[in-house]
Each structure stands twice: as structure tokens, then as C-alpha cells.
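Dropping upload-v9.tsv in here (TSV, C-alpha atoms):
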```tsv
chain	number	residue	atom	x	y	z
H	109	MET	CA	82.36	-22.11	-17.33
H	110	PRO	CA	84.86	-20.81	-14.76
H	111	ASP	CA	88.52	-21.66	-15.13
H	112	PHE	CA	89.12	-25.13	-13.66
H	113	ASP	CA	92.13	-23.78	-11.78
H	114	ASP	CA	89.67	-21.78	-9.67
H	115	THR	CA	87.97	-25.07	-8.74
H	116	VAL	CA	91.30	-26.46	-7.57
H	117	TYR	CA	92.10	-23.31	-5.60
H	118	THR	CA	88.68	-23.37	-3.91
H	119	ALA	CA	89.09	-27.06	-3.02
H	120	LEU	CA	92.32	-26.18	-1.18
H	121	SER	CA	90.90	-23.17	0.68
H	122	GLY	CA	90.80	-25.00	4.01
H	123	VAL	CA	94.38	-26.25	3.83
H	124	CYS	CA	97.00	-24.41	5.93
H	125	SER	CA	94.49	-21.77	7.01
H	126	GLY	CA	94.26	-20.67	3.39
H	127	ARG	CA	98.02	-20.33	2.83
H	128	VAL	CA	97.76	-21.75	-0.68
H	129	TYR	CA	99.57	-19.98	-3.51
H	130	ARG	CA	99.62	-20.40	-7.26
H	131	VAL	CA	103.00	-20.88	-8.98
H	132	GLU	CA	105.45	-19.46	-6.41
H	133	ARG	CA	106.06	-19.13	-2.71
H	134	PRO	CA	105.80	-15.58	-1.34
H	135	GLN	CA	108.75	-13.93	0.36
H	136	ASP	CA	108.84	-14.24	4.17
H	137	PRO	CA	105.71	-16.39	4.47
H	138	THR	CA	104.21	-18.22	7.43
H	139	TYR	CA	104.73	-22.00	7.28
H	140	PRO	CA	103.40	-24.51	6.51
H	141	LEU	CA	102.01	-23.51	3.14
H	142	VAL	CA	101.17	-24.98	-0.26
H	143	VAL	CA	102.30	-23.86	-3.70
H	144	TYR	CA	100.85	-25.41	-6.81
H	145	GLY	CA	100.99	-25.08	-10.55
H	146	LEU	CA	99.74	-26.60	-13.74
H	147	VAL	CA	102.39	-28.84	-15.31
H	148	ASP	CA	100.55	-29.82	-18.48
H	149	ASP	CA	97.00	-29.95	-19.80
H	150	PRO	CA	96.29	-32.58	-22.46
H	151	ARG	CA	92.76	-32.51	-23.89
H	152	GLU	CA	90.49	-34.75	-25.91
H	153	HIS	CA	87.68	-33.54	-28.13
H	154	ALA	CA	84.82	-35.87	-29.03
H	155	PHE	CA	82.73	-34.64	-31.91
H	156	GLY	CA	79.10	-35.68	-32.09
H	157	ALA	CA	76.11	-34.71	-34.19
H	158	ALA	CA	74.88	-32.10	-31.71
H	159	GLN	CA	77.96	-30.88	-29.88
H	160	THR	CA	81.64	-31.13	-29.18
H	161	VAL	CA	82.65	-32.48	-25.78
H	162	ALA	CA	86.09	-31.63	-24.46
H	163	VAL	CA	87.72	-33.69	-21.73
H	164	SER	CA	90.82	-32.30	-20.03
H	165	HIS	CA	93.44	-34.18	-18.04
H	166	PRO	CA	95.48	-31.41	-16.38
H	167	ARG	CA	98.47	-32.50	-14.31
H	168	TYR	CA	99.18	-30.33	-11.31
H	169	GLN	CA	102.13	-30.34	-8.94
H	170	PHE	CA	101.45	-29.42	-5.32
H	171	THR	CA	104.30	-28.65	-2.95
H	172	ALA	CA	103.91	-28.51	0.81
H	173	TRP	CA	106.58	-26.31	2.41
H	174	ALA	CA	107.16	-26.57	6.15
H	175	GLU	CA	109.76	-26.13	8.84
H	176	SER	CA	109.47	-29.78	9.90
H	177	GLN	CA	109.12	-33.01	7.97
H	178	ASP	CA	106.02	-33.94	10.00
H	179	ASP	CA	104.32	-30.67	9.02
H	180	ALA	CA	105.19	-31.20	5.35
H	181	VAL	CA	103.75	-34.73	5.40
H	182	THR	CA	100.61	-33.60	7.28
H	183	THR	CA	100.10	-30.67	4.91
H	184	ILE	CA	100.40	-32.73	1.73
H	185	ALA	CA	98.00	-35.27	3.25
H	186	ALA	CA	95.48	-32.43	3.71
H	187	VAL	CA	95.99	-31.46	0.06
H	188	ARG	CA	95.44	-35.07	-1.02
H	189	THR	CA	92.24	-35.30	1.05
H	190	ALA	CA	90.89	-32.02	-0.38
H	191	LEU	CA	91.60	-33.10	-3.96
H	192	LEU	CA	90.08	-36.54	-3.54
H	193	ALA	CA	86.88	-34.84	-2.32
H	194	LEU	CA	86.41	-33.23	-5.75
H	195	THR	CA	83.50	-34.60	-7.78
H	196	VAL	CA	85.77	-35.48	-10.73
H	197	PRO	CA	88.33	-38.29	-11.08
H	198	VAL	CA	91.68	-37.54	-9.42
H	199	THR	CA	94.69	-39.76	-10.11
H	200	ILE	CA	97.73	-39.48	-7.88
H	201	ALA	CA	100.68	-39.81	-10.23
H	202	ASN	CA	103.52	-39.39	-7.75
H	203	GLU	CA	104.38	-38.27	-4.23
H	204	TYR	CA	107.91	-37.56	-3.07
H	205	HIS	CA	110.28	-35.64	-0.79
H	206	ILE	CA	112.80	-33.15	-2.11
H	207	ARG	CA	115.66	-31.86	0.03
H	208	GLU	CA	116.07	-28.09	0.27
H	209	PRO	CA	119.38	-27.69	2.15
H	210	GLU	CA	119.78	-24.01	1.23
H	211	THR	CA	116.51	-22.96	2.87
H	212	ARG	CA	116.46	-25.64	5.60
H	213	LEU	CA	112.79	-26.09	4.81
H	214	LYS	CA	111.11	-29.44	4.36
H	215	ARG	CA	109.22	-30.13	1.18
H	216	ARG	CA	106.75	-32.79	0.10
H	217	ASP	CA	105.47	-32.88	-3.49
H	218	LEU	CA	102.34	-34.44	-4.96
H	219	ASP	CA	101.63	-34.78	-8.68
H	220	VAL	CA	98.02	-35.43	-9.67
H	221	VAL	CA	95.95	-35.68	-12.83
H	222	ILE	CA	92.42	-34.30	-12.50
H	223	THR	CA	90.07	-35.38	-15.30
H	224	HIS	CA	87.12	-33.11	-16.06
H	225	GLU	CA	84.85	-32.00	-18.87
H	226	GLY	CA	85.65	-28.71	-20.53
H	227	GLU	CA	88.70	-26.79	-21.57
```

Please go through the file and, once you have read it, give me the structure as C-alpha cells.
Amino acid sequence: MPDFDDTVYTALSGVCSGRVYRVERPQDPTYPLVVYGLVDDPREHAFGAAQTVAVSHPRYQFTAWAESQDDAVTTIAAVRTALLALTVPVTIANEYHIREPETRLKRRDLDVVITHEGE
């Protein structure tokens, strides 16, 4: 089974013309863009007579970076739409703004839990 993070990355491929990055923002990028990372990954294992079934509940944080607040809000909405189109349960845990006065960029964050079978 492919790494579930690849599923998330593929789901976001149409957001921001593909300007989606894992873990950190590149230097001198084009905005808007999305950066995301795995925050935690709790798992359950159900043991049966024939097999073991693992269910994961990874929590991801997605950050939309933009030069305007409207672009940040629109970008995180596109992320939300892409994630909710996945064929597994997606729970939005939190959505919020964070000020970035040093960079003068606008930022909108989205925390989600994506439940799926497997490790």
C-alpha cells in the first residue's frame, strides 16, 4: 500500500496550480501556496481470527500562504474542498488565522483528521 501522505499530496495537486509543499515553504516562492505536514498519527489495531486491521487517524496541518487575506481564505477553501472529496472520513478539527508581521504575508491554517485503513 502506498504511503497515505502520497494520497493527500495527490488530492491537493490541483490547488494553487500545484504549489503544494510538504513540511516547509520554499525560499522565494510564488504565492499563494500551501504547506502541510503530519502533526500526529494515532492508530488502532483490531485483531481477528484471519487478519489484523489497522485504522489510522493522522492529523495534518495545512497552511495557506498568500499576499492578501482574500487569497489565503480562498486557497484554504480549495484545500478543504479537495480533502473533503477524499473517499475516507475527513474531520475538520480547527481553522484559524495567524498573523505574520515579519513577512507581511497572510496565513490561514486548517487542521484535519483523516481516518483510513492501514498504517

Between atom CA of Cys124 of chain H and atom CA of Val142 of chain H, what is the distance, to one decimal in Å?
->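 We find that atom CA of Cys124 of chain H and atom CA of Val142 of chain H lie 7.5 Å from each other.
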
H:Asp114, H:Pro197, H:Tyr144, H:Ser164: which is nearest Asp217 of chain H, counting all atoms listed in the file?
->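 Once distances to Asp217 of chain H are computed over all atoms listed in the file, the minimum belongs to H:Tyr144.
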
Residues near Arg130 of chain H, cut-off 9 Å, all atoms listed in the file, skip fewer than 3 positions along chain, as a PyMOL selection string = chain H and resi 117+133+142-146

Write out the residues from the selection above, keeping C-alpha atoms, as an mmCIF file, in the frame of the given file.
```cif
data_model
loop_
_atom_site.group_PDB
_atom_site.id
_atom_site.type_symbol
_atom_site.label_atom_id
_atom_site.label_comp_id
_atom_site.auth_asym_id
_atom_site.auth_seq_id
_atom_site.Cartn_x
_atom_site.Cartn_y
_atom_site.Cartn_z
ATOM 1 C CA TYR H 117 92.100 -23.310 -5.600
ATOM 2 C CA ARG H 133 106.060 -19.130 -2.710
ATOM 3 C CA VAL H 142 101.170 -24.980 -0.260
ATOM 4 C CA VAL H 143 102.300 -23.860 -3.700
ATOM 5 C CA TYR H 144 100.850 -25.410 -6.810
ATOM 6 C CA GLY H 145 100.990 -25.080 -10.550
ATOM 7 C CA LEU H 146 99.740 -26.600 -13.740
#
```

Is it possible to get the axis-aligned box enclosing segment 201-210 of chain H (all listed atoms, 4 Å extra per side) as lines of an AutoDock Vina configuration file, with centre and edge lengths in Å rounded to one decimal?
```
center_x = 110.2
center_y = -31.9
center_z = -4.0
size_x = 27.1
size_y = 23.8
size_z = 20.4
```

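When atom CA of Asp219 of chain H is paired with atom CA of Ala185 of chain H, their separation reads 12.5 Å.
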
Would you list the residues near (106.5, -23.0, -0.2), meaning any protein, DNA or RNA residue with an atom at most 9 Å from that point in file coordinates, counting only C-alpha atoms, as a VMD selection string?
-> chain H and resid 128 to 129 132 to 134 137 139 to 143 171 to 174 213 215

Put those residues in a file: C-alpha atoms, as a tab-separated table (two decimals), keeping the file's coordinate frame.
```tsv
chain	number	residue	atom	x	y	z
H	128	VAL	CA	97.76	-21.75	-0.68
H	129	TYR	CA	99.57	-19.98	-3.51
H	132	GLU	CA	105.45	-19.46	-6.41
H	133	ARG	CA	106.06	-19.13	-2.71
H	134	PRO	CA	105.80	-15.58	-1.34
H	137	PRO	CA	105.71	-16.39	4.47
H	139	TYR	CA	104.73	-22.00	7.28
H	140	PRO	CA	103.40	-24.51	6.51
H	141	LEU	CA	102.01	-23.51	3.14
H	142	VAL	CA	101.17	-24.98	-0.26
H	143	VAL	CA	102.30	-23.86	-3.70
H	171	THR	CA	104.30	-28.65	-2.95
H	172	ALA	CA	103.91	-28.51	0.81
H	173	TRP	CA	106.58	-26.31	2.41
H	174	ALA	CA	107.16	-26.57	6.15
H	213	LEU	CA	112.79	-26.09	4.81
H	215	ARG	CA	109.22	-30.13	1.18
```

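Atom CA of Val163 of chain H is found 14.7 Å from atom CA of Asp113 of chain H.
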
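Residue nearest Asp111 of chain H within the list H:Tyr204, H:Gly226, H:Ile184, H:Pro209: H:Gly226 [criterion: smallest interatomic distance, all atoms listed in the file].
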
Determine, counting all atoms listed in the file, which protein, DNA and RNA residues have an atom within 9 Å of an atom of Val187 of chain H; residues of the same chain fewer than 2 positions away are not included. Present the result as a compact mmCIF listing (two decimals) with C-alpha atoms, keeping the file's coordinate frame.
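Below is the file part-v1.txt, written as the result:
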```txt
# COMPACT_ATOMS: atom_id res chain seq x y z
CA ALA H 119 89.09 -27.06 -3.02
CA LEU H 120 92.32 -26.18 -1.18
CA VAL H 123 94.38 -26.25 3.83
CA VAL H 142 101.17 -24.98 -0.26
CA PHE H 170 101.45 -29.42 -5.32
CA ALA H 172 103.91 -28.51 0.81
CA THR H 182 100.61 -33.60 7.28
CA THR H 183 100.10 -30.67 4.91
CA ILE H 184 100.40 -32.73 1.73
CA ALA H 185 98.00 -35.27 3.25
CA THR H 189 92.24 -35.30 1.05
CA ALA H 190 90.89 -32.02 -0.38
CA LEU H 191 91.60 -33.10 -3.96
CA LEU H 192 90.08 -36.54 -3.54
CA LEU H 218 102.34 -34.44 -4.96
```

Selected residue, from H:Val196, H:Val147, H:Ala201, H:Ile206, that lies nearest to Gln169 of chain H when counting all atoms listed in the file =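 Nearest to Gln169 of chain H: H:Val147.
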
Please provide the set of residues having any atom within 7 Å of Val198 of chain H, restricted to all atoms listed in the file, with same-chain residues fewer than 6 positions apart removed, written as a PyMOL selection string.
-> chain H and resi 192+220-223

Counting all atoms listed in the file, I want the residues whose atoms come within 8 Å of (96.0, -34.2, -20.1) in the file frame, returned as a short mmCIF file (atom, residue, chain, number, x, y, z; two decimals) with C-alpha atoms, in the coordinates of the input.
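So the final result, stored in result.cif, reads:
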```
data_model
loop_
_atom_site.label_atom_id
_atom_site.label_comp_id
_atom_site.auth_asym_id
_atom_site.auth_seq_id
_atom_site.Cartn_x
_atom_site.Cartn_y
_atom_site.Cartn_z
CA ASP H 148 100.55 -29.82 -18.48
CA ASP H 149 97.00 -29.95 -19.80
CA PRO H 150 96.29 -32.58 -22.46
CA ARG H 151 92.76 -32.51 -23.89
CA SER H 164 90.82 -32.30 -20.03
CA HIS H 165 93.44 -34.18 -18.04
CA PRO H 166 95.48 -31.41 -16.38
CA ARG H 167 98.47 -32.50 -14.31
CA VAL H 221 95.95 -35.68 -12.83
CA THR H 223 90.07 -35.38 -15.30
#
```
